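Structure below is input.pdb: PDB, C-alpha atoms.
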```pdb
ATOM      1  CA  MET X   1     185.444 -64.433 135.990
ATOM      2  CA  ASP X   2     184.643 -60.827 135.095
ATOM      3  CA  LEU X   3     185.649 -60.662 131.411
ATOM      4  CA  LYS X   4     185.250 -56.897 131.160
ATOM      5  CA  ALA X   5     187.557 -56.331 134.145
ATOM      6  CA  TYR X   6     190.066 -58.889 132.805
ATOM      7  CA  MET X   7     190.162 -57.180 129.390
ATOM      8  CA  LYS X   8     190.608 -53.753 130.985
ATOM      9  CA  GLU X   9     193.417 -54.997 133.248
ATOM     10  CA  GLN X  10     195.257 -56.781 130.435
ATOM     11  CA  CYS X  11     194.797 -53.829 128.063
ATOM     12  CA  ALA X  12     196.426 -51.553 130.642
ATOM     13  CA  ARG X  13     199.238 -54.096 131.047
ATOM     14  CA  VAL X  14     199.861 -54.215 127.294
ATOM     15  CA  ASP X  15     199.666 -50.425 126.979
ATOM     16  CA  ALA X  16     202.203 -49.962 129.769
ATOM     17  CA  ALA X  17     204.568 -52.429 128.111
ATOM     18  CA  LEU X  18     204.136 -50.799 124.695
ATOM     19  CA  ASP X  19     204.956 -47.469 126.305
ATOM     20  CA  ARG X  20     208.195 -48.948 127.669
ATOM     21  CA  PHE X  21     209.161 -50.666 124.403
ATOM     22  CA  LEU X  22     208.499 -47.809 121.979
ATOM     23  CA  PRO X  23     211.011 -44.965 121.794
ATOM     24  CA  ARG X  24     209.867 -41.638 123.211
ATOM     25  CA  GLU X  25     208.968 -38.850 120.788
ATOM     26  CA  THR X  26     212.022 -36.960 122.050
ATOM     27  CA  VAL X  27     214.388 -39.641 120.705
ATOM     28  CA  LEU X  28     215.789 -39.139 117.207
ATOM     29  CA  PRO X  29     214.326 -39.454 114.638
ATOM     30  CA  HIS X  30     211.518 -37.484 116.276
ATOM     31  CA  SER X  31     209.047 -37.654 113.385
ATOM     32  CA  LEU X  32     209.289 -41.434 113.074
ATOM     33  CA  HIS X  33     208.865 -42.044 116.794
ATOM     34  CA  ARG X  34     205.956 -39.585 116.972
ATOM     35  CA  ALA X  35     204.265 -41.438 114.117
ATOM     36  CA  MET X  36     204.859 -44.831 115.721
ATOM     37  CA  ARG X  37     203.389 -43.754 119.051
ATOM     38  CA  TYR X  38     200.509 -41.916 117.349
ATOM     39  CA  SER X  39     199.402 -45.089 115.585
ATOM     40  CA  VAL X  40     200.072 -47.606 118.352
ATOM     41  CA  PHE X  41     198.238 -45.522 120.945
ATOM     42  CA  ALA X  42     195.371 -44.454 118.659
ATOM     43  CA  GLY X  43     192.927 -46.644 120.549
ATOM     44  CA  GLY X  44     191.829 -50.192 120.163
ATOM     45  CA  LYS X  45     190.842 -53.105 122.331
ATOM     46  CA  ARG X  46     194.212 -54.918 122.244
ATOM     47  CA  VAL X  47     192.366 -58.186 121.558
ATOM     48  CA  ARG X  48     195.310 -59.933 119.862
ATOM     49  CA  PRO X  49     197.876 -59.420 122.623
ATOM     50  CA  ILE X  50     195.298 -60.168 125.310
ATOM     51  CA  LEU X  51     194.441 -63.447 123.580
ATOM     52  CA  MET X  52     198.138 -64.311 123.451
ATOM     53  CA  LEU X  53     198.515 -63.656 127.182
ATOM     54  CA  ALA X  54     195.340 -65.633 127.948
ATOM     55  CA  ALA X  55     196.588 -68.580 125.870
ATOM     56  CA  CYS X  56     199.895 -68.475 127.713
ATOM     57  CA  GLN X  57     198.089 -68.445 131.044
ATOM     58  CA  ALA X  58     195.772 -71.278 129.961
ATOM     59  CA  VAL X  59     198.715 -73.622 129.414
ATOM     60  CA  GLY X  60     200.458 -72.619 132.635
ATOM     61  CA  GLY X  61     203.033 -70.328 131.068
ATOM     62  CA  ASP X  62     204.616 -67.257 132.592
ATOM     63  CA  THR X  63     202.586 -64.395 131.121
ATOM     64  CA  GLU X  64     205.265 -61.865 132.039
ATOM     65  CA  ARG X  65     207.613 -63.625 129.636
ATOM     66  CA  ALA X  66     204.927 -63.493 126.939
ATOM     67  CA  VAL X  67     204.366 -59.729 127.189
ATOM     68  CA  PRO X  68     207.110 -58.810 124.666
ATOM     69  CA  ALA X  69     205.660 -61.219 122.088
ATOM     70  CA  ALA X  70     202.148 -59.907 122.760
ATOM     71  CA  CYS X  71     203.362 -56.348 122.200
ATOM     72  CA  ALA X  72     205.165 -57.387 119.026
ATOM     73  CA  MET X  73     201.906 -58.862 117.750
ATOM     74  CA  GLU X  74     200.094 -55.602 118.466
ATOM     75  CA  MET X  75     202.787 -53.588 116.686
ATOM     76  CA  ILE X  76     202.574 -55.839 113.628
ATOM     77  CA  HIS X  77     198.806 -55.439 113.631
ATOM     78  CA  THR X  78     199.183 -51.648 113.856
ATOM     79  CA  TYR X  79     201.696 -51.651 111.001
ATOM     80  CA  SER X  80     199.238 -53.609 108.856
ATOM     81  CA  LEU X  81     196.515 -51.034 109.530
ATOM     82  CA  ILE X  82     198.845 -48.147 108.647
ATOM     83  CA  HIS X  83     199.751 -49.780 105.353
ATOM     84  CA  ASP X  84     196.145 -50.693 104.625
ATOM     85  CA  ASP X  85     195.202 -47.003 104.962
ATOM     86  CA  LEU X  86     197.825 -45.803 102.443
ATOM     87  CA  PRO X  87     196.698 -44.121  99.208
ATOM     88  CA  ALA X  88     197.886 -47.108  97.131
ATOM     89  CA  MET X  89     195.692 -49.430  99.202
ATOM     90  CA  ASP X  90     192.339 -48.361 100.709
ATOM     91  CA  ASP X  91     193.271 -44.658 100.779
ATOM     92  CA  ASP X  92     191.511 -44.013 104.091
ATOM     93  CA  ASP X  93     191.647 -40.574 105.689
ATOM     94  CA  PHE X  94     190.496 -41.651 109.155
ATOM     95  CA  ARG X  95     190.926 -44.596 111.492
ATOM     96  CA  ARG X  96     188.988 -44.750 114.763
ATOM     97  CA  GLY X  97     187.855 -41.173 114.185
ATOM     98  CA  ASN X  98     191.384 -39.767 113.880
ATOM     99  CA  PRO X  99     193.362 -38.824 110.770
ATOM    100  CA  THR X 100     195.378 -41.758 109.476
ATOM    101  CA  SER X 101     199.139 -41.841 109.905
ATOM    102  CA  HIS X 102     199.873 -40.862 106.314
ATOM    103  CA  LYS X 103     197.542 -37.864 106.597
ATOM    104  CA  VAL X 104     199.314 -36.620 109.743
ATOM    105  CA  PHE X 105     202.941 -37.569 109.026
ATOM    106  CA  GLY X 106     203.054 -38.059 105.267
ATOM    107  CA  GLU X 107     203.147 -41.177 103.168
ATOM    108  CA  ALA X 108     206.926 -41.711 103.456
ATOM    109  CA  ILE X 109     206.836 -41.818 107.253
ATOM    110  CA  ALA X 110     203.765 -44.064 107.210
ATOM    111  CA  ILE X 111     205.561 -46.507 104.950
TER     112      ILE X 111
END
```

Can you give me the file's structure in the form of structure tokens?
Amino acid sequence: MDLKAYMKEQCARVDAALDRFLPRETVLPHSLHRAMRYSVFAGGKRVRPILMLAACQAVGGDTERAVPAACAMEMIHTYSLIHDDLPAMDDDDFRRGNPTSHKVFGEAIAI
């Protein structure tokens, strides 16, 4: 098994599903949906959802049915990072080299 190729393939699968599940930036409320997409697609290895899909596959499950749960896990992880970066928490200005959500969209939107 080529782990690097597997990770890349599953990451693309998760990203495509996240793109389908998250509202477009053109859908009201624009600022909230822009912020959501900004943070979810800010980069990352997608380790958590890939592990969920691999666990499903390991026990003979239908990974396609597990994709929504894997995406939900990634969105919860992203939410936790956004909140961790808030001024009342770690007060970080950057995550993965980009301005944090609250720096770009304001603290209220980040919350």

Return as JSON lines the residues of range 2-73 of chain X lying at most 10 Å from range 81-95 of chain X, together with the closest atom-to-atom pair for each and the distance in Å to one decimal, counting only C-alpha atoms, with rows in chain order and ascending residue number.
```
{"residue": "X:Met36", "atom": "CA", "partner": "X:Ile82", "partner_atom": "CA", "distance": 9.9}
{"residue": "X:Ser39", "atom": "CA", "partner": "X:Ile82", "partner_atom": "CA", "distance": 7.6}
{"residue": "X:Val40", "atom": "CA", "partner": "X:Ile82", "partner_atom": "CA", "distance": 9.8}
{"residue": "X:Ala42", "atom": "CA", "partner": "X:Arg95", "partner_atom": "CA", "distance": 8.4}
{"residue": "X:Gly43", "atom": "CA", "partner": "X:Arg95", "partner_atom": "CA", "distance": 9.5}
```

Can you write out the residues you just picked, keeping C-alpha atoms, as a JSON list (two decimals), keeping the file's coordinate frame?
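Everything below was put into again_23.json:
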```json
[["chain", "number", "residue", "atom", "x", "y", "z"],
["X", 36, "MET", "CA", 204.86, -44.83, 115.72],
["X", 39, "SER", "CA", 199.40, -45.09, 115.58],
["X", 40, "VAL", "CA", 200.07, -47.61, 118.35],
["X", 42, "ALA", "CA", 195.37, -44.45, 118.66],
["X", 43, "GLY", "CA", 192.93, -46.64, 120.55]]
```

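Between Phe21 in chain X and the candidates X:Gly106, X:Pro68, X:Gly61, X:Pro49, the tightest atom-to-atom separation, counting all atoms listed in the file, involves X:Pro68.
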
>> Need the shell around Ala70 in chain X: protein/DNA/RNA residues with any atom at most 12 Å away, counting only C-alpha atoms. Skip same-chain ones fewer than 3 positions apart. Format as a VMD selection string?
In response: chain X and resid 10 to 11 13 to 15 17 to 18 21 46 to 56 63 to 67 73 to 77

Pick out the residues sitting within 8 Å of Ile109 in chain X, and hand them over as a JSON list (two decimals) with C-alpha atoms, in the frame of the given file; count all atoms listed in the file, and ignore anything fewer than 3 positions along from it in its own chain.
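Contents of around10.json, as written:
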```json
[["chain", "number", "residue", "atom", "x", "y", "z"],
["X", 31, "SER", "CA", 209.05, -37.65, 113.38],
["X", 32, "LEU", "CA", 209.29, -41.43, 113.07],
["X", 35, "ALA", "CA", 204.26, -41.44, 114.12],
["X", 102, "HIS", "CA", 199.87, -40.86, 106.31],
["X", 105, "PHE", "CA", 202.94, -37.57, 109.03],
["X", 106, "GLY", "CA", 203.05, -38.06, 105.27]]
```

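Distance-wise, CA of Asp2 in chain X and CA of Gly97 in chain X end up 28.9 Å apart.
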
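CA of Arg20 in chain X sits 26.2 Å away from CA of Glu107 in chain X.
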
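If you measure from each of X:Ala5, X:Ile111, X:Val104, X:Cys71 to Asp19 in chain X using only C-alpha atoms, the closest one turns out to be X:Cys71.
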
> Which of these, X:Ser80, X:Pro23, X:Tyr38, X:Val59, has the shortest distance to Lys103 in chain X once you count all atoms listed in the file?
Replying inline: X:Tyr38

> At what distance in Å, to one decimal, does CA of Ser101 in chain X lie from CA of Arg34 in chain X?
Replying inline: 10.1 Å

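When only C-alpha atoms are used to measure the gap to Glu9 in chain X, the shortest distance among X:Arg96, X:Lys45, X:Arg37, X:His30 belongs to X:Lys45.
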
Residue rebuild result range 50-74 of chain X, N, CA, C and O atoms as a tab-separated table (two decimals), in the coordinates of the input:
```
chain	number	residue	atom	x	y	z
X	50	ILE	N	195.99	-59.60	124.15
X	50	ILE	CA	195.30	-60.17	125.31
X	50	ILE	C	195.02	-61.64	125.09
X	50	ILE	O	195.19	-62.47	126.00
X	51	LEU	N	194.64	-62.03	123.87
X	51	LEU	CA	194.44	-63.45	123.58
X	51	LEU	C	195.75	-64.23	123.71
X	51	LEU	O	195.75	-65.37	124.21
X	52	MET	N	196.85	-63.63	123.30
X	52	MET	CA	198.14	-64.31	123.45
X	52	MET	C	198.47	-64.53	124.93
X	52	MET	O	198.90	-65.62	125.32
X	53	LEU	N	198.24	-63.52	125.74
X	53	LEU	CA	198.52	-63.66	127.18
X	53	LEU	C	197.57	-64.67	127.83
X	53	LEU	O	197.99	-65.46	128.67
X	54	ALA	N	196.31	-64.67	127.40
X	54	ALA	CA	195.34	-65.63	127.95
X	54	ALA	C	195.71	-67.06	127.55
X	54	ALA	O	195.60	-67.98	128.36
X	55	ALA	N	196.17	-67.24	126.32
X	55	ALA	CA	196.59	-68.58	125.87
X	55	ALA	C	197.80	-69.04	126.67
X	55	ALA	O	197.87	-70.21	127.08
X	56	CYS	N	198.72	-68.14	126.90
X	56	CYS	CA	199.90	-68.47	127.71
X	56	CYS	C	199.47	-68.91	129.12
X	56	CYS	O	199.94	-69.92	129.63
X	57	GLN	N	198.58	-68.13	129.70
X	57	GLN	CA	198.09	-68.44	131.04
X	57	GLN	C	197.35	-69.78	131.06
X	57	GLN	O	197.49	-70.57	132.00
X	58	ALA	N	196.58	-70.06	130.02
X	58	ALA	CA	195.77	-71.28	129.96
X	58	ALA	C	196.63	-72.54	129.97
X	58	ALA	O	196.18	-73.58	130.45
X	59	VAL	N	197.84	-72.44	129.44
X	59	VAL	CA	198.72	-73.62	129.41
X	59	VAL	C	199.77	-73.58	130.52
X	59	VAL	O	200.72	-74.35	130.51
X	60	GLY	N	199.58	-72.67	131.47
X	60	GLY	CA	200.46	-72.62	132.64
X	60	GLY	C	201.76	-71.88	132.41
X	60	GLY	O	202.69	-72.01	133.20
X	61	GLY	N	201.81	-71.08	131.35
X	61	GLY	CA	203.03	-70.33	131.07
X	61	GLY	C	203.16	-69.08	131.92
X	61	GLY	O	202.21	-68.67	132.61
X	62	ASP	N	204.32	-68.49	131.88
X	62	ASP	CA	204.62	-67.26	132.59
X	62	ASP	C	204.22	-66.09	131.69
X	62	ASP	O	204.91	-65.77	130.73
X	63	THR	N	203.09	-65.45	132.00
X	63	THR	CA	202.59	-64.40	131.12
X	63	THR	C	203.54	-63.21	131.05
X	63	THR	O	203.57	-62.52	130.03
X	64	GLU	N	204.31	-62.98	132.08
X	64	GLU	CA	205.26	-61.86	132.04
X	64	GLU	C	206.29	-62.08	130.93
X	64	GLU	O	206.69	-61.13	130.27
X	65	ARG	N	206.67	-63.32	130.71
X	65	ARG	CA	207.61	-63.62	129.64
X	65	ARG	C	206.97	-63.52	128.26
X	65	ARG	O	207.65	-63.37	127.26
X	66	ALA	N	205.64	-63.58	128.21
X	66	ALA	CA	204.93	-63.49	126.94
X	66	ALA	C	204.59	-62.05	126.55
X	66	ALA	O	204.22	-61.81	125.40
X	67	VAL	N	204.73	-61.12	127.47
X	67	VAL	CA	204.37	-59.73	127.19
X	67	VAL	C	205.12	-59.15	125.99
X	67	VAL	O	204.50	-58.52	125.12
X	68	PRO	N	206.44	-59.36	125.86
X	68	PRO	CA	207.11	-58.81	124.67
X	68	PRO	C	206.55	-59.36	123.35
X	68	PRO	O	206.36	-58.60	122.40
X	69	ALA	N	206.24	-60.64	123.30
X	69	ALA	CA	205.66	-61.22	122.09
X	69	ALA	C	204.26	-60.66	121.84
X	69	ALA	O	203.88	-60.39	120.70
X	70	ALA	N	203.49	-60.47	122.89
X	70	ALA	CA	202.15	-59.91	122.76
X	70	ALA	C	202.22	-58.48	122.22
X	70	ALA	O	201.43	-58.09	121.35
X	71	CYS	N	203.19	-57.72	122.70
X	71	CYS	CA	203.36	-56.35	122.20
X	71	CYS	C	203.83	-56.35	120.75
X	71	CYS	O	203.38	-55.53	119.95
X	72	ALA	N	204.71	-57.28	120.41
X	72	ALA	CA	205.16	-57.39	119.03
X	72	ALA	C	203.98	-57.68	118.10
X	72	ALA	O	203.87	-57.10	117.02
X	73	MET	N	203.09	-58.55	118.55
X	73	MET	CA	201.91	-58.86	117.75
X	73	MET	C	201.05	-57.62	117.54
X	73	MET	O	200.57	-57.35	116.43
X	74	GLU	N	200.90	-56.82	118.58
X	74	GLU	CA	200.09	-55.60	118.47
X	74	GLU	C	200.77	-54.59	117.53
X	74	GLU	O	200.09	-53.92	116.75
```
